[in-house]
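See below for start24.txt, which holds compact mmCIF, C-alpha atoms.
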# COMPACT_ATOMS: atom_id res chain seq x y z
CA MET A 39 174.03 86.38 65.99
CA VAL A 40 170.31 86.90 66.62
CA GLN A 41 171.04 90.59 67.13
CA ARG A 42 172.63 90.78 63.68
CA THR A 43 169.69 89.10 61.97
CA THR A 44 167.33 91.48 63.74
CA GLU A 45 169.34 94.47 62.56
CA ILE A 46 169.34 93.27 58.97
CA VAL A 47 165.60 92.62 59.00
CA VAL A 48 164.87 96.04 60.50
CA GLY A 49 167.12 97.54 57.82
CA PHE A 50 165.02 95.87 55.13
CA PHE A 51 161.88 97.20 56.84
CA MET A 52 163.17 100.78 56.61
CA ILE A 53 164.16 100.24 52.97
CA ALA A 54 160.65 98.93 52.26
CA GLY A 55 159.19 102.06 53.83
CA LEU A 56 161.43 104.31 51.76
CA ALA A 57 160.55 102.37 48.60
CA ALA A 58 156.84 102.78 49.41
CA LEU A 59 157.32 106.54 49.79
CA LEU A 60 159.19 106.72 46.46
CA PHE A 61 156.45 104.70 44.75
CA LEU A 62 153.75 106.96 46.17
CA ALA A 63 155.69 110.01 45.05
CA LEU A 64 156.53 108.95 41.52
CA GLN A 65 153.90 106.50 40.39
CA VAL A 66 150.82 107.52 42.32
CA SER A 67 151.12 111.29 42.42
CA GLY A 68 153.05 111.68 39.19
CA LEU A 69 155.75 113.85 40.72
CA SER A 70 158.39 113.73 38.05
CA PRO A 71 161.63 115.62 37.37
CA LYS A 72 160.57 116.49 33.87
CA SER A 73 157.57 118.44 35.15
CA ALA A 74 160.05 121.25 35.79
CA ALA A 75 160.13 121.91 32.04
CA ALA A 76 160.62 125.45 30.79
CA THR A 77 157.37 127.39 30.47
CA TYR A 78 156.22 130.92 29.72
CA THR A 79 153.28 132.73 31.31
CA VAL A 80 150.19 134.03 29.51
CA TYR A 81 147.01 135.55 30.91
CA ALA A 82 143.32 135.37 29.98
CA ASN A 83 140.30 137.21 31.34
CA PHE A 84 136.98 135.41 31.60
CA ASN A 85 133.50 136.53 32.62
CA ASP A 86 132.83 133.17 34.27
CA VAL A 87 135.42 130.49 34.95
CA GLY A 88 132.86 127.96 36.16
CA GLY A 89 134.62 125.02 37.83
CA LEU A 90 138.13 125.75 36.57
CA THR A 91 140.81 125.00 39.20
CA PRO A 92 144.56 125.63 39.41
CA ARG A 93 146.64 122.72 38.00
CA GLY A 94 143.95 122.19 35.38
CA LYS A 95 145.17 121.52 31.89
CA VAL A 96 145.54 123.85 28.93
CA SER A 97 145.26 122.08 25.59
CA MET A 98 145.37 122.83 21.88
CA ALA A 99 143.73 120.44 19.39
CA GLY A 100 143.37 117.98 22.26
CA VAL A 101 147.08 117.93 23.15
CA THR A 102 148.07 119.21 26.59
CA VAL A 103 150.43 122.16 26.13
CA GLY A 104 150.42 123.68 29.61
CA SER A 105 148.66 124.08 32.91
CA ILE A 106 146.75 126.69 34.87
CA GLU A 107 148.89 128.40 37.51
CA SER A 108 146.34 130.52 39.35
CA ILE A 109 142.93 132.14 39.13
CA SER A 110 142.21 135.52 40.66
CA LEU A 111 139.56 138.23 40.55
CA ASP A 112 140.39 141.51 38.81
CA LYS A 113 138.81 144.10 41.10
CA ASN A 114 138.61 146.78 38.39
CA THR A 115 136.94 144.88 35.57
CA PHE A 116 135.24 142.23 37.79
CA GLN A 117 136.53 139.52 35.50
CA ALA A 118 138.43 136.39 36.47
CA LYS A 119 142.09 136.58 35.53
CA VAL A 120 143.62 133.17 34.79
CA THR A 121 147.41 132.77 34.73
CA MET A 122 148.60 129.92 32.52
CA ALA A 123 152.01 128.31 32.06
CA ILE A 124 152.52 127.14 28.46
CA ARG A 125 155.45 124.90 27.44
CA SER A 126 158.27 126.93 25.91
CA ASP A 127 158.52 124.81 22.79
CA VAL A 128 154.91 125.72 21.91
CA ASP A 129 155.72 129.33 21.06
CA THR A 130 153.85 129.85 17.79
CA ILE A 131 150.35 130.44 19.15
CA PRO A 132 148.82 133.21 16.96
CA ALA A 133 148.23 136.41 18.92
CA ASP A 134 144.47 136.46 18.11
CA SER A 135 143.74 132.94 19.37
CA ALA A 136 140.83 132.44 21.75
CA ALA A 137 140.89 130.69 25.12
CA VAL A 138 137.75 128.61 25.53
CA ILE A 139 136.63 126.77 28.67
CA ARG A 140 135.49 123.27 27.81
CA THR A 141 134.25 120.35 29.88
CA SER A 142 135.77 116.90 29.47
CA GLY A 143 133.97 113.71 30.23
CA LEU A 144 130.92 113.13 32.35
CA LEU A 145 132.49 114.07 35.70
CA GLY A 146 132.84 117.53 34.28
CA GLU A 147 136.49 118.33 34.81
CA GLN A 148 136.94 121.69 33.06
CA TYR A 149 139.98 122.74 31.09
CA ILE A 150 141.09 125.56 28.78
CA ASP A 151 141.23 124.88 25.06
CA ILE A 152 143.06 127.27 22.71
CA SER A 153 141.28 127.96 19.41
CA ILE A 154 143.80 129.02 16.77
CA GLY A 155 143.41 132.41 15.15
CA GLY A 156 145.17 133.59 12.01
CA ASP A 157 147.59 136.29 13.13
CA MET A 158 151.21 136.18 11.99
CA GLU A 159 152.48 137.32 15.40
CA SER A 160 152.73 134.82 18.26
CA LEU A 161 151.92 135.13 21.91
CA GLY A 162 154.92 135.70 24.13
CA GLU A 163 155.75 135.89 27.81
CA GLY A 164 153.22 138.01 29.72
CA ASP A 165 150.73 138.44 26.86
CA THR A 166 146.97 138.29 27.37
CA PHE A 167 144.52 136.36 25.21
CA TYR A 168 142.50 138.76 23.09
CA SER A 169 139.24 136.81 23.07
CA THR A 170 137.87 134.34 25.55
CA GLN A 171 134.76 132.27 25.93
CA SER A 172 133.42 131.61 29.40
CA ALA A 173 132.27 128.35 30.94
CA MET A 174 128.94 126.94 29.86
CA ASN A 175 126.32 127.83 32.45
CA LEU A 176 123.68 125.11 32.69
CA GLU A 177 121.00 127.34 34.22
CA ARG A 178 121.33 129.93 31.45
CA LEU A 179 121.13 127.23 28.82
CA ILE A 180 117.99 125.74 30.35
CA SER A 181 116.29 129.12 30.71
CA ASN A 182 117.18 129.96 27.08
CA PHE A 183 115.71 126.65 26.01
CA ALA A 184 112.61 127.07 28.20
CA SER A 185 111.88 130.59 26.98
CA GLY A 186 112.12 129.37 23.42
CA ARG A 187 115.10 131.45 22.28
CA MET B 45 121.54 110.71 95.33
CA MET B 46 124.44 112.73 96.70
CA ASP B 47 126.55 109.56 96.65
CA TYR B 48 125.85 109.28 92.94
CA VAL B 49 127.00 112.83 92.24
CA ALA B 50 130.03 112.40 94.50
CA GLY B 51 130.93 109.18 92.71
CA PHE B 52 130.64 110.88 89.35
CA GLY B 53 132.90 113.71 90.54
CA ARG B 54 135.47 111.28 91.91
CA ARG B 55 135.56 109.32 88.63
CA SER B 56 135.99 112.51 86.61
CA LEU B 57 138.85 113.61 88.84
CA GLU B 58 140.44 110.17 88.39
CA VAL B 59 140.31 110.58 84.62
CA VAL B 60 141.87 114.03 84.81
CA GLY B 61 144.52 112.74 87.22
CA SER B 62 145.27 109.88 84.85
CA LEU B 63 145.78 112.31 81.99
CA GLY B 64 148.13 114.36 84.16
CA ARG B 65 150.15 111.27 85.09
CA ALA B 66 150.28 110.34 81.41
CA THR B 67 151.71 113.76 80.53
CA GLN B 68 154.32 113.62 83.29
CA PHE B 69 155.20 110.13 82.09
CA LEU B 70 155.56 111.35 78.51
CA PHE B 71 157.80 114.19 79.60
CA GLY B 72 160.00 111.75 81.53
CA VAL B 73 160.26 109.47 78.51
CA LEU B 74 161.03 112.23 76.01
CA VAL B 75 163.60 113.92 78.23
CA GLY B 76 165.39 110.67 79.06
CA VAL B 77 166.84 110.04 75.61
CA PRO B 78 169.03 106.93 75.88
CA LYS B 79 172.73 107.15 75.06
CA PRO B 80 173.34 106.10 71.43
CA ALA B 81 175.64 103.21 72.32
CA THR B 82 173.20 101.41 74.60
CA GLY B 83 169.97 102.87 73.30
CA PHE B 84 170.32 102.11 69.60
CA PRO B 85 170.35 98.28 69.87
CA LEU B 86 167.28 98.52 72.12
CA LEU B 87 165.54 100.67 69.53
CA ILE B 88 166.38 98.20 66.76
CA LYS B 89 164.99 95.32 68.77
CA GLN B 90 161.79 97.21 69.45
CA LEU B 91 161.46 98.31 65.83
CA TYR B 92 161.65 94.66 64.91
CA SER B 93 158.95 93.52 67.31
CA VAL B 94 156.66 96.51 66.74
CA GLY B 95 157.22 97.25 63.06
CA VAL B 96 158.47 94.20 61.22
CA LEU B 97 156.18 91.73 62.96
CA SER B 98 153.16 93.93 62.17
CA LEU B 99 154.00 93.79 58.46
CA ALA B 100 152.07 90.57 57.95
CA ILE B 101 148.72 91.91 59.10
CA VAL B 102 149.27 95.30 57.46
CA VAL B 103 150.15 93.83 54.06
CA VAL B 104 147.29 91.31 54.01
CA SER B 105 144.72 93.88 55.19
CA GLY B 106 146.00 96.42 52.68
CA LEU B 107 145.74 93.96 49.84
CA PHE B 108 142.16 92.97 50.65
CA ILE B 109 141.00 96.52 51.33
CA GLY B 110 142.47 97.67 48.01
CA MET B 111 140.72 94.84 46.18
CA VAL B 112 137.36 95.55 47.83
CA LEU B 113 137.69 99.27 47.05
CA ALA B 114 138.26 98.43 43.40
CA LEU B 115 135.24 96.11 43.27
CA GLN B 116 132.85 98.46 45.03
CA GLY B 117 134.15 101.49 43.20
CA TYR B 118 133.79 99.85 39.83
CA THR B 119 130.16 98.96 40.53
CA ILE B 120 129.31 102.52 41.56
CA LEU B 121 131.31 104.30 38.86
CA SER B 122 130.00 102.15 36.02
CA ASP B 123 126.56 103.68 36.65
CA TYR B 124 128.02 106.99 35.46
CA GLY B 125 130.21 105.51 32.76
CA SER B 126 133.31 106.68 34.61
CA GLU B 127 135.12 103.40 35.26
CA ALA B 128 138.38 105.05 34.25
CA ALA B 129 138.25 107.12 37.45
CA ILE B 130 138.70 103.99 39.58
CA GLY B 131 142.43 104.62 39.87
CA GLN B 132 142.07 108.04 41.42
CA MET B 133 139.27 106.86 43.69
CA ILE B 134 141.36 104.03 45.14
CA ALA B 135 144.50 106.14 45.45
CA LEU B 136 142.85 109.14 47.09
CA THR B 137 140.83 107.00 49.51
CA LEU B 138 143.87 104.99 50.59
CA VAL B 139 146.47 107.76 50.72
CA ARG B 140 144.31 110.35 52.45
CA GLU B 141 142.19 108.28 54.83
CA LEU B 142 142.25 104.51 54.93
CA GLY B 143 146.04 104.15 54.90
CA PRO B 144 146.75 106.11 58.08
CA VAL B 145 143.52 105.24 59.94
CA VAL B 146 143.24 101.49 59.29
CA THR B 147 146.96 100.99 59.84
CA ALA B 148 146.66 102.86 63.15
CA LEU B 149 143.72 100.69 64.25
CA LEU B 150 145.59 97.50 63.29
CA PHE B 151 148.74 98.82 64.97
CA ALA B 152 146.83 99.60 68.17
CA GLY B 153 145.28 96.17 68.20
CA ARG B 154 148.41 94.21 67.46
CA ALA B 155 151.48 96.16 68.58
CA GLY B 156 149.76 98.39 71.12
CA SER B 157 148.22 95.56 73.08
CA ALA B 158 151.53 93.64 72.96
CA LEU B 159 153.41 96.68 74.34
CA THR B 160 150.86 97.17 77.12
CA ALA B 161 150.90 93.53 78.13
CA GLU B 162 154.70 93.39 78.13
CA ILE B 163 155.18 96.52 80.21
CA GLY B 164 152.29 95.58 82.50
CA LEU B 165 153.85 92.20 83.18
CA MET B 166 157.20 93.87 83.89
CA LYS B 167 155.43 96.05 86.42
CA ALA B 168 153.54 93.12 87.97
CA THR B 169 156.72 91.02 88.35
CA GLU B 170 158.47 94.05 89.89
CA GLN B 171 161.12 94.26 87.17
CA LEU B 172 160.55 98.01 86.77
CA SER B 173 160.99 98.74 90.49
CA SER B 174 164.10 96.53 90.73
CA MET B 175 165.56 98.44 87.76
CA GLU B 176 164.95 101.69 89.64
CA MET B 177 166.65 100.29 92.69
CA MET B 178 169.70 99.34 90.61
CA GLY B 179 169.92 102.94 89.45
CA VAL B 180 168.76 102.25 85.87
CA ASP B 181 165.95 104.59 84.80
CA PRO B 182 163.17 102.25 83.54
CA LEU B 183 161.68 105.08 81.48
CA ARG B 184 164.93 105.48 79.62
CA ARG B 185 165.79 101.81 79.21
CA VAL B 186 162.44 100.11 78.75
CA ILE B 187 159.81 102.67 77.78
CA ALA B 188 161.63 105.15 75.56
CA PRO B 189 162.79 102.61 72.91
CA ARG B 190 159.23 101.27 72.65
CA LEU B 191 157.73 104.73 72.26
CA TRP B 192 160.23 105.78 69.60
CA ALA B 193 159.84 102.45 67.79
CA GLY B 194 156.07 102.96 67.56
CA PHE B 195 156.59 106.56 66.44
CA ILE B 196 158.99 105.52 63.63
CA ALA B 197 157.23 102.34 62.52
CA MET B 198 153.70 103.76 62.05
CA PRO B 199 154.33 106.03 59.01
CA ILE B 200 156.30 103.25 57.31
CA LEU B 201 153.50 100.76 57.90
CA ALA B 202 150.88 103.24 56.66
CA MET B 203 152.79 103.87 53.43
CA ILE B 204 153.28 100.17 52.83
CA PHE B 205 149.53 99.70 53.43
CA SER B 206 148.67 102.35 50.82
CA VAL B 207 151.09 100.93 48.25
CA VAL B 208 149.87 97.35 48.68
CA GLY B 209 146.27 98.55 48.58
CA ILE B 210 146.81 100.43 45.30
CA TRP B 211 148.53 97.37 43.85
CA GLY B 212 145.62 95.16 44.96
CA GLY B 213 143.18 97.64 43.44
CA MET B 214 145.17 97.50 40.21
CA LEU B 215 145.02 93.70 40.21
CA VAL B 216 141.23 93.75 40.48
CA GLY B 217 140.55 96.83 38.36
CA VAL B 218 142.91 96.31 35.45
CA ASP B 219 143.50 92.56 35.35
CA TRP B 220 140.07 91.31 36.41
CA LEU B 221 137.49 94.02 35.62
CA GLY B 222 139.21 95.25 32.48
CA VAL B 223 139.77 98.96 33.15
CA PHE B 224 142.33 100.37 30.71
CA GLU B 225 145.70 100.43 32.49
CA GLY B 226 146.80 103.73 30.95
CA SER B 227 143.78 105.65 32.21
CA PHE B 228 144.01 103.89 35.60
CA TRP B 229 147.47 105.33 36.26
CA GLY B 230 146.98 108.51 34.23
CA ASN B 231 143.87 109.67 36.14
CA MET B 232 145.56 108.72 39.39
CA GLN B 233 148.69 110.72 38.64
CA SER B 234 146.78 113.80 37.59
CA SER B 235 144.56 113.90 40.66
CA VAL B 236 146.89 112.84 43.51
CA ASP B 237 149.11 115.71 44.65
CA PHE B 238 152.29 114.74 46.50
CA VAL B 239 152.25 117.57 49.03
CA ASP B 240 148.50 117.86 49.58
CA ASP B 241 147.63 114.17 49.64
CA VAL B 242 150.64 111.91 50.23
CA LEU B 243 152.47 114.15 52.71
CA ASN B 244 149.26 114.95 54.58
CA GLY B 245 148.64 111.21 54.90
CA VAL B 246 152.17 110.77 56.25
CA ILE B 247 151.63 113.58 58.77
CA LYS B 248 148.41 111.89 59.90
CA SER B 249 150.16 108.55 60.37
CA VAL B 250 152.96 110.19 62.38
CA VAL B 251 150.38 111.77 64.72
CA PHE B 252 148.47 108.48 65.03
CA GLY B 253 151.68 106.56 65.70
CA PHE B 254 152.62 108.96 68.46
CA VAL B 255 149.18 108.72 70.09
CA CYS B 256 148.90 104.91 69.84
CA ALA B 257 152.43 104.32 71.16
CA TRP B 258 151.94 106.80 74.01
CA ILE B 259 148.61 105.27 75.09
CA ALA B 260 150.03 101.74 74.86
CA VAL B 261 153.15 102.34 76.96
CA TYR B 262 151.29 104.51 79.46
CA GLN B 263 148.54 101.96 80.07
CA GLY B 264 151.18 99.30 80.64
CA TYR B 265 153.16 101.51 83.02
CA ASP B 266 150.10 102.64 84.98
CA CYS B 267 148.19 99.39 85.26
CA VAL B 268 147.11 97.65 88.45
CA PRO B 269 149.90 95.05 88.86
CA THR B 270 147.68 91.96 88.87
CA SER B 271 146.66 89.67 86.01
CA ALA B 272 143.19 91.21 85.95
CA GLY B 273 144.82 94.63 85.90
CA ILE B 274 147.02 93.73 82.93
CA SER B 275 144.05 92.39 80.98
CA SER B 276 142.01 95.50 81.70
CA ALA B 277 144.96 97.71 80.70
CA THR B 278 145.35 95.87 77.39
CA THR B 279 141.66 96.32 76.62
CA LYS B 280 141.86 99.99 77.53
CA THR B 281 144.82 100.46 75.20
CA VAL B 282 142.95 99.13 72.21
CA VAL B 283 139.73 101.04 72.98
CA TYR B 284 141.35 104.39 73.84
CA SER B 285 143.78 104.19 70.90
CA SER B 286 140.96 103.46 68.46
CA LEU B 287 138.80 106.29 69.79
CA ALA B 288 141.72 108.72 69.82
CA VAL B 289 142.73 107.80 66.27
CA LEU B 290 139.22 108.24 64.91
CA GLY B 291 138.68 111.51 66.75
CA LEU B 292 142.04 112.93 65.67
CA ASP B 293 141.36 111.77 62.12
CA PHE B 294 138.24 113.94 62.03
CA VAL B 295 140.12 116.96 63.38
CA LEU B 296 143.11 116.51 61.05
CA THR B 297 140.90 115.93 58.01
CA ALA B 298 138.88 119.06 58.78
CA VAL B 299 142.06 121.09 59.11
CA MET B 300 143.89 119.63 56.11
CA PHE B 301 141.16 119.05 53.58
CA GLY B 302 138.37 121.30 54.76
CA ASP B 303 137.68 124.60 53.07
CA PHE B 304 138.33 127.16 55.74
Rewrite the coordinates I just gave you, this time as structure tokens.
Amino acid sequence: MVQRTTEIVVGFFMIAGLAALLFLALQVSGLSPKSAAATYTVYANFNDVGGLTPRGKVSMAGVTVGSIESISLDKNTFQAKVTMAIRSDVDTIPADSAAVIRTSGLLGEQYIDISIGGDMESLGEGDTFYSTQSAMNLERLISNFASGR
Amino acid sequence: MMDYVAGFGRRSLEVVGSLGRATQFLFGVLVGVPKPATGFPLLIKQLYSVGVLSLAIVVVSGLFIGMVLALQGYTILSDYGSEAAIGQMIALTLVRELGPVVTALLFAGRAGSALTAEIGLMKATEQLSSMEMMGVDPLRRVIAPRLWAGFIAMPILAMIFSVVGIWGGMLVGVDWLGVFEGSFWGNMQSSVDFVDDVLNGVIKSVVFGFVCAWIAVYQGYDCVPTSAGISSATTKTVVYSSLAVLGLDFVLTAVMFGDF
């Protein structure tokens, strides 16, 4: 009889552990089934990516439309090549839009913002952004300000 | 003078010999896996006494540590106007570091010392040697269930600690200090990665559980079979487990989160 109670209590203990793992997975780290939504890949070349990191967000008019997959160095042009995954239902981005690196908030988390152009054609899978604007460099700004330009 | 050097050498060789005995002991325990029919009820009983009975201290400590993290974090972050980042601060601190480490320290103090005292008393009252004489392997019947119970219970306790801590932090941050609940969870979800943070924390707690359980059962098995010996073995369990956990935490953190 005592053995049975012990077994039941230990069973609840294991269930509590499993529930804790599920909570940590879903609620704390935001792992969710719908994050496997359909996306298409676009590229952008920057002179300076600043503090941009993979898994950063890509937004348009303040709405998150995708995320950054990877950042690599192009050894021929010495520019940073950023691979982005944009949601498939956002497929009307004009082909001459610009990818701009902006900073959000005081802790300075950087993200990519898409400035809309006016072209009739849209970006598709594997296209590259025509124009980009690099991250704001604080030292350059200060030296511009100090030298009076 | 020479006596001093000789004494130092003898003590060092004792330490090395003790480590060797501990490894042989571990090998004997791991190889002697009990048969499922007899071994499983023993494992359940040990899981109860090692895991379930430690829940009280783990849950209460987790709750208070989560609440203190929220209070301290809020004070610091409000200097930079970033109170909304309190969620990710609490979650990352607990899941990566405090969850595994504090749970391991509590586990060593509560369950580890209980295991050492129990096995030490069995050795002092000659129960282990009479088992050997009856042809029952004491490593397989007594020690192995306790080692496996510690190994299984530690990750579960560490995860429960993290969850209760985050909930306590939410109580203080959102309900008391007035941080917006949406940004609390939203910042947390965007900055905690399941594989890099949660799973690494689980790996840490598995390693710590193994080390704490091994030290606890070994110290009990190897103690001087007197009451003074048992008390010294129990103290050694807590001290060695704590030092091992903190040292391994540094190594694991450097490997997992360092930028090599």
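Of the listed residues A:Thr141, A:Thr130, A:Asn175, A:Thr91, the one whose atoms come nearest to Gly155 of chain A is A:Thr130, with distances taken using all atoms listed in the file.
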(Q) List as a VMD selection string the protein and nucleic acid residues near Phe84 of chain B, meaning an atom at most 12 Å away when all atoms listed in the file are counted, but skip any in the same chain fewer than 3 places from it. (A) (chain A and resid 41 45) or (chain B and resid 77 to 81 87 to 91 184 to 185 188 to 190 192 to 193)
What does the file look like for those residues with C-alpha atoms, as an mmCIF file, in the frame of the given file?
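That gives us result11.cif:
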data_model
loop_
_atom_site.group_PDB
_atom_site.id
_atom_site.type_symbol
_atom_site.label_atom_id
_atom_site.label_comp_id
_atom_site.auth_asym_id
_atom_site.auth_seq_id
_atom_site.Cartn_x
_atom_site.Cartn_y
_atom_site.Cartn_z
ATOM 1 C CA GLN A 41 171.040 90.590 67.130
ATOM 2 C CA GLU A 45 169.340 94.470 62.560
ATOM 3 C CA VAL B 77 166.840 110.040 75.610
ATOM 4 C CA PRO B 78 169.030 106.930 75.880
ATOM 5 C CA LYS B 79 172.730 107.150 75.060
ATOM 6 C CA PRO B 80 173.340 106.100 71.430
ATOM 7 C CA ALA B 81 175.640 103.210 72.320
ATOM 8 C CA LEU B 87 165.540 100.670 69.530
ATOM 9 C CA ILE B 88 166.380 98.200 66.760
ATOM 10 C CA LYS B 89 164.990 95.320 68.770
ATOM 11 C CA GLN B 90 161.790 97.210 69.450
ATOM 12 C CA LEU B 91 161.460 98.310 65.830
ATOM 13 C CA ARG B 184 164.930 105.480 79.620
ATOM 14 C CA ARG B 185 165.790 101.810 79.210
ATOM 15 C CA ALA B 188 161.630 105.150 75.560
ATOM 16 C CA PRO B 189 162.790 102.610 72.910
ATOM 17 C CA ARG B 190 159.230 101.270 72.650
ATOM 18 C CA TRP B 192 160.230 105.780 69.600
ATOM 19 C CA ALA B 193 159.840 102.450 67.790
#
Q. Once you count only C-alpha atoms, which residues of chain B turn out to be within 8 Å of chain A? Could you give them as a ChimeraX atom specification?
A. /B:88-89,91-92,95-96,124-126,135,200-201,203-204,207,229,232-238,242
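Our summary of the geometry notes that atom CA of Ile274 of chain B is positioned 23.5 Å from atom CA of Leu86 of chain B.
The coordinates place atom CA of Ala148 of chain B at 15.9 Å from atom CA of Thr278 of chain B.
Residues lying within 8 Å of segment 131-135 of chain A, counting all atoms listed in the file and ignoring same-chain neighbours fewer than 3 positions away, are Val128, Ile152, Ser153, Ile154, Gly155, Gly156, Asp157, Met158, Glu159, Ser160, Leu161, Phe167, Tyr168 and Ser169 of chain A.
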Q: Please provide the set of residues having any atom within 9 Å of Ala277 of chain B, restricted to all atoms listed in the file, with same-chain residues fewer than 6 positions apart removed, written as number ranges by chain.
A: B: 157, 160-161, 164, 260, 263-264, 266-268
(Q) Excluding Ala82 of chain A and its own-chain neighbours fewer than 4 positions away, which residues fall within 12 Å of it when counting only C-alpha atoms? Please give them as a count of residues only. (A) 36
Q | Distance in Å - atom CA of Gly53 of chain B versus atom CA of Phe71 of chain B | A | 27.2 Å
